[in-house]
Amino acid sequence: MKVFVDGQYGTTGLNIHERLNQRNDVELLWISEEQKKDPEIRIKLMNEADIVFLCLPDQAAREAIKLIINPNTRVIDSSTAFRTNEAWTYGLPELSALQRGKIANAARVSVPGCHATAFVLAINPLVQRGILPRDYPVSCHSLTGYSGGGKAFIEQYETGGFSDVNDSLRYPQHYSLKLDHKHLPEMKKFTDLEFQPVFLPTVCNFYNGMVVTVPLVTRLLINQPSLQEIHAALTDYYQGETFVRVIPLDDTKGISQYALDPTLCNGTNYSEIFVLGNDDQVLVACRLDNLGKGSSGAAIQCMNIMLGLDEGFGQTLEE
Ligand SMILES: NC(=O)C1=CN([C@@H]2O[C@H](COP(=O)(O)OP(=O)(O)OC[C@H]3O[C@@H](n4cnc5c(N)ncnc54)[C@H](OP(=O)(O)O)[C@@H]3O)[C@@H](O)[C@H]2O)C=CC1
Ligand SMILES: CC(=O)N[C@@H](CCC(=O)OP(=O)(O)O)C(=O)O
């Protein structure tokens, strides 16, 4: 099976390339760094491939898709360009059994954004199980490593050694302060919420890793559930999932007393859901690697599903 990664020299593309390089069921079509934007070579490689990964900025992804004319070429796009487009399938198999089936048969799959993945995983089951009202005024915070910003952003952190210009990057920075983050449309659509959440991300001085948190006031939820009931609903929803782990309440005692490290899923495709707080106010948190389940790992998981393979094939699996 032939695979081409368009954008193979970028942060996400490089990561996907590395993961696929280790597999012997995949023939990777290769483009040199000098030629990576040459339309003629890209057209040839994209139409020769069974699967194309697009790991490009949004506008470049919109242009690239027009270059694919082979009806048998299936596409997995990591950008924001097509995530809420009805002609595309949202690549989050843990949404539902129906969604997993759609991915298996899809010709065009859009990989969810990293913040959106964590938010949807944490919140969608609570809406589907009739716990969180669809019109709840949801708010959400995300703590993320800087690799989510791509090559140019990474350079600001890693070269120049915190010059006067970017000295403040040493410290956590809130961003997207117009409260219009580009993941909001998918966050709303794939949780069935009536309104977009208020979403505030914070980028920090570490490479990868992420924790998204959603505070909930239980007296405003349907039938005023306890913390245990919220935890039980999430645990039940994700039973049998390989890559979503709802952490048992007994195992969250240490975290409740100390802190939630955003980097502990790094290097894996796992996401971990924590239910913290108390019976009056619950904090649902989701931890993942923005370069794993937040992008490249999720893209590979989708490819495996599309090919009828085990979802964990080629992923780092840990017990
Ligand atoms: N980093 C992350 O954690 C995540 C990223 N994403 C998404 O994945 C996509 C890629 O992001 P990321 O890897 O971070 O970005 P990078 O900036 O790190 O990489 C993008 C790559 O695409 C190349 N490129 C740009 N335009 C073209 C073009 N017209 N034709 C061919 N190649 C081109 C760039 O080259 P050059 O630099 O020379 O312009 C670069 O090598 C984005 O849409 C991003 O939103 C999604 C989830 C997480
Ligand atoms: C630190 C940082 O800037 N992170 C990026 C996340 C990138 C990502 O997941 O998503 P896209 O695929 O939608 O680009 C951001 O918040 O925009």
# chains A, B, ... in the order shown; residues from 1 in each chain; ligands from 1
>>> select_by_dssp(residues="range 72-128 of chain A", states="strand (DSSP E or B)", output="ChimeraX atom specification")
/A:74-77,89-90,108-110
>>> residues_around(residues="range 127-132 of chain A", least_positions_apart="4", cutoff="8 Å", atoms="only C-alpha atoms", output="ChimeraX atom specification")
/A:123,136,191-193,221-223,225,230,233
>>> residues_around(residues="Gly240 in chain A", least_positions_apart="5", cutoff="12 Å", atoms="only C-alpha atoms", output="ChimeraX atom specification")
/A:94,96-97,235,245-246
>>> select_by_dssp(residues="range 67-130 of chain A", states="alpha helix (DSSP H)", output="ChimeraX atom specification")
/A:97-105,114-128
>>> write_last_selection(atoms="N, CA and C atoms", output="JSON list (two decimals), in the first residue's frame")
[["chain", "number", "residue", "atom", "x", "y", "z"],
["A", 97, "ALA", "N", -20.14, 4.23, 17.87],
["A", 97, "ALA", "CA", -19.91, 3.09, 16.97],
["A", 97, "ALA", "C", -20.20, 3.52, 15.53],
["A", 98, "LEU", "N", -21.20, 4.39, 15.37],
["A", 98, "LEU", "CA", -21.57, 4.87, 14.04],
["A", 98, "LEU", "C", -20.40, 5.62, 13.40],
["A", 99, "GLN", "N", -19.75, 6.46, 14.21],
["A", 99, "GLN", "CA", -18.63, 7.26, 13.69],
["A", 99, "GLN", "C", -17.46, 6.37, 13.28],
["A", 100, "ARG", "N", -17.21, 5.33, 14.07],
["A", 100, "ARG", "CA", -16.11, 4.42, 13.74],
["A", 100, "ARG", "C", -16.39, 3.74, 12.39],
["A", 101, "GLY", "N", -17.64, 3.38, 12.16],
["A", 101, "GLY", "CA", -18.03, 2.76, 10.90],
["A", 101, "GLY", "C", -17.88, 3.73, 9.73],
["A", 102, "LYS", "N", -18.24, 4.98, 9.96],
["A", 102, "LYS", "CA", -18.10, 5.99, 8.90],
["A", 102, "LYS", "C", -16.64, 6.17, 8.51],
["A", 103, "ILE", "N", -15.77, 6.19, 9.51],
["A", 103, "ILE", "CA", -14.33, 6.35, 9.24],
["A", 103, "ILE", "C", -13.83, 5.17, 8.41],
["A", 104, "ALA", "N", -14.28, 3.98, 8.77],
["A", 104, "ALA", "CA", -13.81, 2.76, 8.08],
["A", 104, "ALA", "C", -14.08, 2.86, 6.58],
["A", 105, "ASN", "N", -15.20, 3.48, 6.21],
["A", 105, "ASN", "CA", -15.59, 3.50, 4.80],
["A", 105, "ASN", "C", -15.29, 4.82, 4.10],
["A", 114, "CYS", "N", -6.32, 19.28, 18.41],
["A", 114, "CYS", "CA", -5.89, 18.69, 19.68],
["A", 114, "CYS", "C", -6.78, 19.12, 20.86],
["A", 115, "HIS", "N", -7.03, 20.43, 20.98],
["A", 115, "HIS", "CA", -7.89, 20.88, 22.09],
["A", 115, "HIS", "C", -9.28, 20.28, 21.93],
["A", 116, "ALA", "N", -9.75, 20.26, 20.68],
["A", 116, "ALA", "CA", -11.11, 19.77, 20.41],
["A", 116, "ALA", "C", -11.23, 18.29, 20.76],
["A", 117, "THR", "N", -10.21, 17.51, 20.46],
["A", 117, "THR", "CA", -10.24, 16.08, 20.78],
["A", 117, "THR", "C", -10.47, 15.90, 22.27],
["A", 118, "ALA", "N", -9.67, 16.59, 23.07],
["A", 118, "ALA", "CA", -9.76, 16.43, 24.52],
["A", 118, "ALA", "C", -11.12, 16.91, 25.03],
["A", 119, "PHE", "N", -11.59, 18.03, 24.50],
["A", 119, "PHE", "CA", -12.88, 18.58, 24.95],
["A", 119, "PHE", "C", -14.03, 17.64, 24.58],
["A", 120, "VAL", "N", -14.04, 17.20, 23.33],
["A", 120, "VAL", "CA", -15.15, 16.34, 22.88],
["A", 120, "VAL", "C", -15.14, 15.01, 23.63],
["A", 121, "LEU", "N", -13.96, 14.45, 23.83],
["A", 121, "LEU", "CA", -13.89, 13.18, 24.58],
["A", 121, "LEU", "C", -14.45, 13.35, 26.00],
["A", 122, "ALA", "N", -14.18, 14.50, 26.61],
["A", 122, "ALA", "CA", -14.62, 14.71, 28.00],
["A", 122, "ALA", "C", -16.12, 14.98, 28.09],
["A", 123, "ILE", "N", -16.67, 15.69, 27.10],
["A", 123, "ILE", "CA", -18.02, 16.23, 27.24],
["A", 123, "ILE", "C", -19.10, 15.48, 26.47],
["A", 124, "ASN", "N", -18.75, 14.95, 25.30],
["A", 124, "ASN", "CA", -19.78, 14.31, 24.47],
["A", 124, "ASN", "C", -20.58, 13.22, 25.21],
["A", 125, "PRO", "N", -19.93, 12.33, 25.98],
["A", 125, "PRO", "CA", -20.71, 11.29, 26.66],
["A", 125, "PRO", "C", -21.74, 11.87, 27.64],
["A", 126, "LEU", "N", -21.39, 13.02, 28.25],
["A", 126, "LEU", "CA", -22.30, 13.60, 29.25],
["A", 126, "LEU", "C", -23.54, 14.19, 28.57],
["A", 127, "VAL", "N", -23.38, 14.67, 27.35],
["A", 127, "VAL", "CA", -24.54, 15.16, 26.60],
["A", 127, "VAL", "C", -25.35, 13.96, 26.12],
["A", 128, "GLN", "N", -24.66, 12.98, 25.54],
["A", 128, "GLN", "CA", -25.37, 11.81, 24.99],
["A", 128, "GLN", "C", -26.12, 11.03, 26.07]]
>>> closest_atom_pairs(of="chain A", to="ligand 2", cutoff="7 Å", atoms="only C-alpha atoms and all ligand atoms", output="JSON lines")
{"residue": "A:Ser78", "atom": "CA", "partner": "ligand 2", "partner_atom_place_in_ligand_line": "12 (O)", "distance": 5.8}
{"residue": "A:Ser79", "atom": "CA", "partner": "ligand 2", "partner_atom_place_in_ligand_line": "12 (O)", "distance": 4.5}
{"residue": "A:Thr80", "atom": "CA", "partner": "ligand 2", "partner_atom_place_in_ligand_line": "13 (O)", "distance": 4.7}
{"residue": "A:Pro112", "atom": "CA", "partner": "ligand 2", "partner_atom_place_in_ligand_line": "12 (O)", "distance": 6.9}
{"residue": "A:Gly113", "atom": "CA", "partner": "ligand 2", "partner_atom_place_in_ligand_line": "9 (O)", "distance": 4.0}
{"residue": "A:Cys114", "atom": "CA", "partner": "ligand 2", "partner_atom_place_in_ligand_line": "9 (O)", "distance": 3.9}
{"residue": "A:His115", "atom": "CA", "partner": "ligand 2", "partner_atom_place_in_ligand_line": "9 (O)", "distance": 6.0}
{"residue": "A:Thr144", "atom": "CA", "partner": "ligand 2", "partner_atom_place_in_ligand_line": "1 (C)", "distance": 6.0}
{"residue": "A:Gly145", "atom": "CA", "partner": "ligand 2", "partner_atom_place_in_ligand_line": "1 (C)", "distance": 6.0}
{"residue": "A:Tyr146", "atom": "CA", "partner": "ligand 2", "partner_atom_place_in_ligand_line": "1 (C)", "distance": 4.5}
{"residue": "A:Ser147", "atom": "CA", "partner": "ligand 2", "partner_atom_place_in_ligand_line": "1 (C)", "distance": 6.1}
{"residue": "A:Gly148", "atom": "CA", "partner": "ligand 2", "partner_atom_place_in_ligand_line": "4 (N)", "distance": 3.7}
{"residue": "A:Gly149", "atom": "CA", "partner": "ligand 2", "partner_atom_place_in_ligand_line": "3 (O)", "distance": 3.6}
{"residue": "A:His181", "atom": "CA", "partner": "ligand 2", "partner_atom_place_in_ligand_line": "17 (O)", "distance": 7.0}
{"residue": "A:Lys182", "atom": "CA", "partner": "ligand 2", "partner_atom_place_in_ligand_line": "13 (O)", "distance": 6.4}
{"residue": "A:His183", "atom": "CA", "partner": "ligand 2", "partner_atom_place_in_ligand_line": "13 (O)", "distance": 6.0}
{"residue": "A:Pro201", "atom": "CA", "partner": "ligand 2", "partner_atom_place_in_ligand_line": "16 (O)", "distance": 6.7}
{"residue": "A:Val203", "atom": "CA", "partner": "ligand 2", "partner_atom_place_in_ligand_line": "1 (C)", "distance": 5.3}
{"residue": "A:Asn290", "atom": "CA", "partner": "ligand 2", "partner_atom_place_in_ligand_line": "9 (O)", "distance": 6.7}
{"residue": "A:Gly294", "atom": "CA", "partner": "ligand 2", "partner_atom_place_in_ligand_line": "9 (O)", "distance": 6.3}
{"residue": "A:Ser295", "atom": "CA", "partner": "ligand 2", "partner_atom_place_in_ligand_line": "9 (O)", "distance": 6.8}
>>> decode(residues="range 270-298 of chain A", atoms="N, CA and C atoms", output="JSON list (two decimals), in the first residue's frame")
[["chain", "number", "residue", "atom", "x", "y", "z"],
["A", 270, "TYR", "N", -2.69, 7.57, 23.79],
["A", 270, "TYR", "CA", -3.73, 7.49, 24.81],
["A", 270, "TYR", "C", -4.26, 8.86, 25.18],
["A", 271, "SER", "N", -5.53, 8.88, 25.57],
["A", 271, "SER", "CA", -6.07, 10.05, 26.25],
["A", 271, "SER", "C", -6.61, 9.56, 27.57],
["A", 272, "GLU", "N", -6.45, 10.36, 28.60],
["A", 272, "GLU", "CA", -6.89, 9.95, 29.94],
["A", 272, "GLU", "C", -7.90, 10.96, 30.46],
["A", 273, "ILE", "N", -9.01, 10.45, 30.96],
["A", 273, "ILE", "CA", -10.05, 11.33, 31.49],
["A", 273, "ILE", "C", -10.08, 11.21, 33.00],
["A", 274, "PHE", "N", -10.11, 12.36, 33.66],
["A", 274, "PHE", "CA", -10.14, 12.42, 35.13],
["A", 274, "PHE", "C", -11.42, 13.13, 35.56],
["A", 275, "VAL", "N", -12.05, 12.62, 36.59],
["A", 275, "VAL", "CA", -13.20, 13.32, 37.17],
["A", 275, "VAL", "C", -12.76, 13.75, 38.57],
["A", 276, "LEU", "N", -12.62, 15.07, 38.75],
["A", 276, "LEU", "CA", -12.05, 15.62, 39.98],
["A", 276, "LEU", "C", -13.07, 16.55, 40.65],
["A", 277, "GLY", "N", -12.72, 17.05, 41.82],
["A", 277, "GLY", "CA", -13.59, 18.01, 42.50],
["A", 277, "GLY", "C", -14.40, 17.36, 43.60],
["A", 278, "ASN", "N", -15.70, 17.72, 43.65],
["A", 278, "ASN", "CA", -16.57, 17.21, 44.72],
["A", 278, "ASN", "C", -18.00, 17.14, 44.19],
["A", 279, "ASP", "N", -18.94, 16.78, 45.05],
["A", 279, "ASP", "CA", -20.31, 16.59, 44.55],
["A", 279, "ASP", "C", -20.99, 17.89, 44.11],
["A", 280, "ASP", "N", -20.49, 19.04, 44.56],
["A", 280, "ASP", "CA", -21.10, 20.31, 44.15],
["A", 280, "ASP", "C", -20.49, 20.84, 42.85],
["A", 281, "GLN", "N", -19.18, 20.70, 42.73],
["A", 281, "GLN", "CA", -18.47, 21.22, 41.55],
["A", 281, "GLN", "C", -17.51, 20.14, 41.05],
["A", 282, "VAL", "N", -17.71, 19.75, 39.80],
["A", 282, "VAL", "CA", -16.90, 18.67, 39.24],
["A", 282, "VAL", "C", -16.02, 19.25, 38.14],
["A", 283, "LEU", "N", -14.78, 18.77, 38.08],
["A", 283, "LEU", "CA", -13.89, 19.16, 37.00],
["A", 283, "LEU", "C", -13.62, 17.92, 36.15],
["A", 284, "VAL", "N", -14.06, 17.95, 34.90],
["A", 284, "VAL", "CA", -13.74, 16.84, 34.00],
["A", 284, "VAL", "C", -12.50, 17.26, 33.22],
["A", 285, "ALA", "N", -11.45, 16.45, 33.29],
["A", 285, "ALA", "CA", -10.18, 16.81, 32.64],
["A", 285, "ALA", "C", -9.79, 15.73, 31.65],
["A", 286, "CYS", "N", -9.16, 16.14, 30.57],
["A", 286, "CYS", "CA", -8.66, 15.15, 29.61],
["A", 286, "CYS", "C", -7.21, 15.48, 29.27],
["A", 287, "ARG", "N", -6.35, 14.48, 29.42],
["A", 287, "ARG", "CA", -4.92, 14.65, 29.13],
["A", 287, "ARG", "C", -4.57, 13.85, 27.88],
["A", 288, "LEU", "N", -3.79, 14.46, 27.00],
["A", 288, "LEU", "CA", -3.30, 13.73, 25.83],
["A", 288, "LEU", "C", -2.02, 14.39, 25.32],
["A", 289, "ASP", "N", -1.40, 13.71, 24.37],
["A", 289, "ASP", "CA", -0.23, 14.29, 23.70],
["A", 289, "ASP", "C", -0.75, 15.00, 22.45],
["A", 290, "ASN", "N", -0.53, 16.32, 22.36],
["A", 290, "ASN", "CA", -1.04, 17.04, 21.18],
["A", 290, "ASN", "C", -0.44, 16.50, 19.89],
["A", 291, "LEU", "N", 0.72, 15.84, 19.98],
["A", 291, "LEU", "CA", 1.32, 15.25, 18.78],
["A", 291, "LEU", "C", 0.94, 13.77, 18.63],
["A", 292, "GLY", "N", 0.23, 13.23, 19.63],
["A", 292, "GLY", "CA", -0.23, 11.84, 19.58],
["A", 292, "GLY", "C", -1.70, 11.81, 19.25],
["A", 293, "LYS", "N", -2.53, 11.57, 20.27],
["A", 293, "LYS", "CA", -3.99, 11.54, 20.05],
["A", 293, "LYS", "C", -4.48, 12.90, 19.54],
["A", 294, "GLY", "N", -3.67, 13.96, 19.75],
["A", 294, "GLY", "CA", -4.06, 15.29, 19.28],
["A", 294, "GLY", "C", -3.75, 15.56, 17.83],
["A", 295, "SER", "N", -3.03, 14.67, 17.14],
["A", 295, "SER", "CA", -2.77, 14.86, 15.70],
["A", 295, "SER", "C", -2.24, 13.59, 15.05],
["A", 296, "SER", "N", -0.91, 13.37, 15.10],
["A", 296, "SER", "CA", -0.32, 12.28, 14.31],
["A", 296, "SER", "C", -0.81, 10.89, 14.74],
["A", 297, "GLY", "N", -0.89, 10.64, 16.03],
["A", 297, "GLY", "CA", -1.36, 9.34, 16.51],
["A", 297, "GLY", "C", -2.79, 9.10, 16.06],
["A", 298, "ALA", "N", -3.61, 10.15, 16.16],
["A", 298, "ALA", "CA", -5.02, 10.02, 15.74],
["A", 298, "ALA", "C", -5.10, 9.77, 14.24]]
